[in-house]
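**Student:** Structure in structure tokens, see below.
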Amino acid sequence: MGMTLLQKMGWRPGEGLGKNKEGSLIPLQLEVKMDKKGLVSQEELHPRPVMPVPVATMSKCLAGKHPVSLLVEFCSKRHWTAPHFDLCFEFILFVLHNVQVRVNGVEYKPSVASPNKKQAKAEAATISLRALGVLPP
């Protein structure tokens, strides 16, 4: 395309480019890229080494989070269904709450009942996270 434009303006192969015909004898040769891989720089040709995530940084992001929210985040990152909490009542002089949680088809139930629902749900989430290996035993 460029050569045809130059020829329309009066340039002939073998002549120098420019007003006084003192430039380069051949126009720029361009490579046409026909594959669909995209443009790649020299830095991208050599992949960077992937560093493993240290355990210390993982424990930092776990610190201070509620076990139920931690379990929901873990399930969403793994593309599992959301954990399902079932409330089981036990009557011994006064009402104690026991919650079992179903994560990815496996049920986890704490062995000790809790005095309120919120604490029972957190205890069930903690037990399931320990069984899944997210929290240390």
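Quick note on naming: the chains in the structure tokens go A, B, ... in the order shown, residues restart at 1 in each chain, and ligands are numbered from 1 in order of appearance.
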What lies within 9 Å of Gln100 in chain A using only C-alpha atoms, ignoring chain neighbours under 6 positions off, as a short mmCIF file (atom, residue, chain, number, x, y, z; two decimals) with N, CA and C atoms, in the first residue's frame?

**Tutor:**
```
data_model
loop_
_atom_site.label_atom_id
_atom_site.label_comp_id
_atom_site.auth_asym_id
_atom_site.auth_seq_id
_atom_site.Cartn_x
_atom_site.Cartn_y
_atom_site.Cartn_z
N HIS A 84 -25.38 -23.88 54.57
CA HIS A 84 -26.76 -23.89 55.06
C HIS A 84 -26.73 -24.25 56.56
N PHE A 85 -27.26 -23.37 57.38
CA PHE A 85 -27.27 -23.56 58.83
C PHE A 85 -28.64 -24.05 59.26
N ASP A 86 -28.67 -25.17 60.01
CA ASP A 86 -29.91 -25.72 60.57
C ASP A 86 -29.86 -25.61 62.09
N LEU A 87 -30.93 -25.12 62.68
CA LEU A 87 -31.00 -24.93 64.12
C LEU A 87 -31.62 -26.15 64.77
N CYS A 88 -30.94 -26.72 65.77
CA CYS A 88 -31.44 -27.86 66.53
C CYS A 88 -31.56 -27.42 67.99
N GLU A 107 -22.12 -32.37 56.46
CA GLU A 107 -22.68 -31.70 57.64
C GLU A 107 -21.67 -31.69 58.78
N TYR A 108 -21.59 -30.55 59.45
CA TYR A 108 -20.71 -30.38 60.61
C TYR A 108 -21.57 -29.91 61.77
N LYS A 109 -21.39 -30.57 62.94
CA LYS A 109 -22.19 -30.22 64.11
C LYS A 109 -21.27 -30.17 65.32
N PRO A 110 -21.30 -29.07 66.08
CA PRO A 110 -20.46 -29.00 67.28
C PRO A 110 -20.98 -29.94 68.36
N ALA A 120 -23.93 -20.18 68.73
CA ALA A 120 -24.03 -21.54 68.20
C ALA A 120 -23.67 -21.58 66.71
N LYS A 121 -24.12 -20.58 65.98
CA LYS A 121 -23.82 -20.50 64.54
C LYS A 121 -22.33 -20.27 64.32
N ALA A 124 -20.45 -23.56 65.01
CA ALA A 124 -20.59 -24.52 63.91
C ALA A 124 -19.71 -24.11 62.72
N ALA A 125 -19.64 -22.81 62.44
CA ALA A 125 -18.80 -22.34 61.35
C ALA A 125 -17.32 -22.58 61.65
#
```

**Student:** Which residues are near range 25-39 of chain A? Cut-off 6 Å, only C-alpha atoms, ignore same chain within fewer than 4 positions. Put them as number ranges by chain.

**Tutor:** A: 14-16

**Student:** Give the answer as one residue: which of A:Leu17, A:Ala122, A:Met9, A:Ala82 has the shortest atom-to-atom distance to Val99 in chain A, using only C-alpha atoms?

**Tutor:**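 Closest residue, counting only C-alpha atoms: A:Ala122.
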
**Student:** Of the candidates A:Leu96, A:Leu70, A:Val106, A:Val112, which one gets nearest to Leu129 in chain A if we count only C-alpha atoms?

**Tutor:** A:Leu70

**Student:** Between CA of Ala113 in chain A and CA of Ser76 in chain A, what is the spacing in Å?

**Tutor:**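 Calculated distance between CA of Ser76 in chain A and CA of Ala113 in chain A is 27.5 Å.
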
**Student:** Could you check how far CA of Cys75 in chain A sits from CA of Gln119 in chain A, in Å to one decimal?

**Tutor:**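 One can read the CA of Cys75 in chain A to CA of Gln119 in chain A distance as 20.4 Å.
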
**Student:** Which value, in Å to one decimal, gives the distance between CA of His97 in chain A and CA of Pro136 in chain A?

**Tutor:**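 Here the two named atoms are 24.9 Å from each other.
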
**Student:** Tell me which protein, DNA and RNA residues are within 10 Å of Gly105 in chain A, counting only C-alpha atoms, leaving out same-chain ones fewer than 5 positions away, and put them as an MDAnalysis selection string.

**Tutor:** chainID A and resid 80:81 83:84

**Student:** Can you list, as a compact mmCIF listing (two decimals) with N, CA and C atoms, in the first residue's frame, every protein, DNA or RNA residue that comes within 10 Å of Leu132 in chain A when you count only C-alpha atoms, leaving out same-chain residues fewer than 5 positions away?

**Tutor:**
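File part33.txt, as written:
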```txt
# COMPACT_ATOMS: atom_id res chain seq x y z
N LEU A 71 -16.58 -18.40 56.54
CA LEU A 71 -17.07 -19.61 55.87
C LEU A 71 -17.80 -19.27 54.58
N PHE A 74 -15.17 -18.33 52.02
CA PHE A 74 -14.45 -19.52 51.58
C PHE A 74 -15.27 -20.30 50.56
N VAL A 103 -21.90 -27.81 54.40
CA VAL A 103 -20.99 -27.17 53.46
C VAL A 103 -20.63 -28.18 52.38
N THR A 126 -16.92 -22.38 62.90
CA THR A 126 -15.53 -22.60 63.30
C THR A 126 -15.14 -24.06 63.14
N ILE A 127 -16.03 -24.96 63.55
CA ILE A 127 -15.74 -26.39 63.44
C ILE A 127 -15.62 -26.80 61.97
```
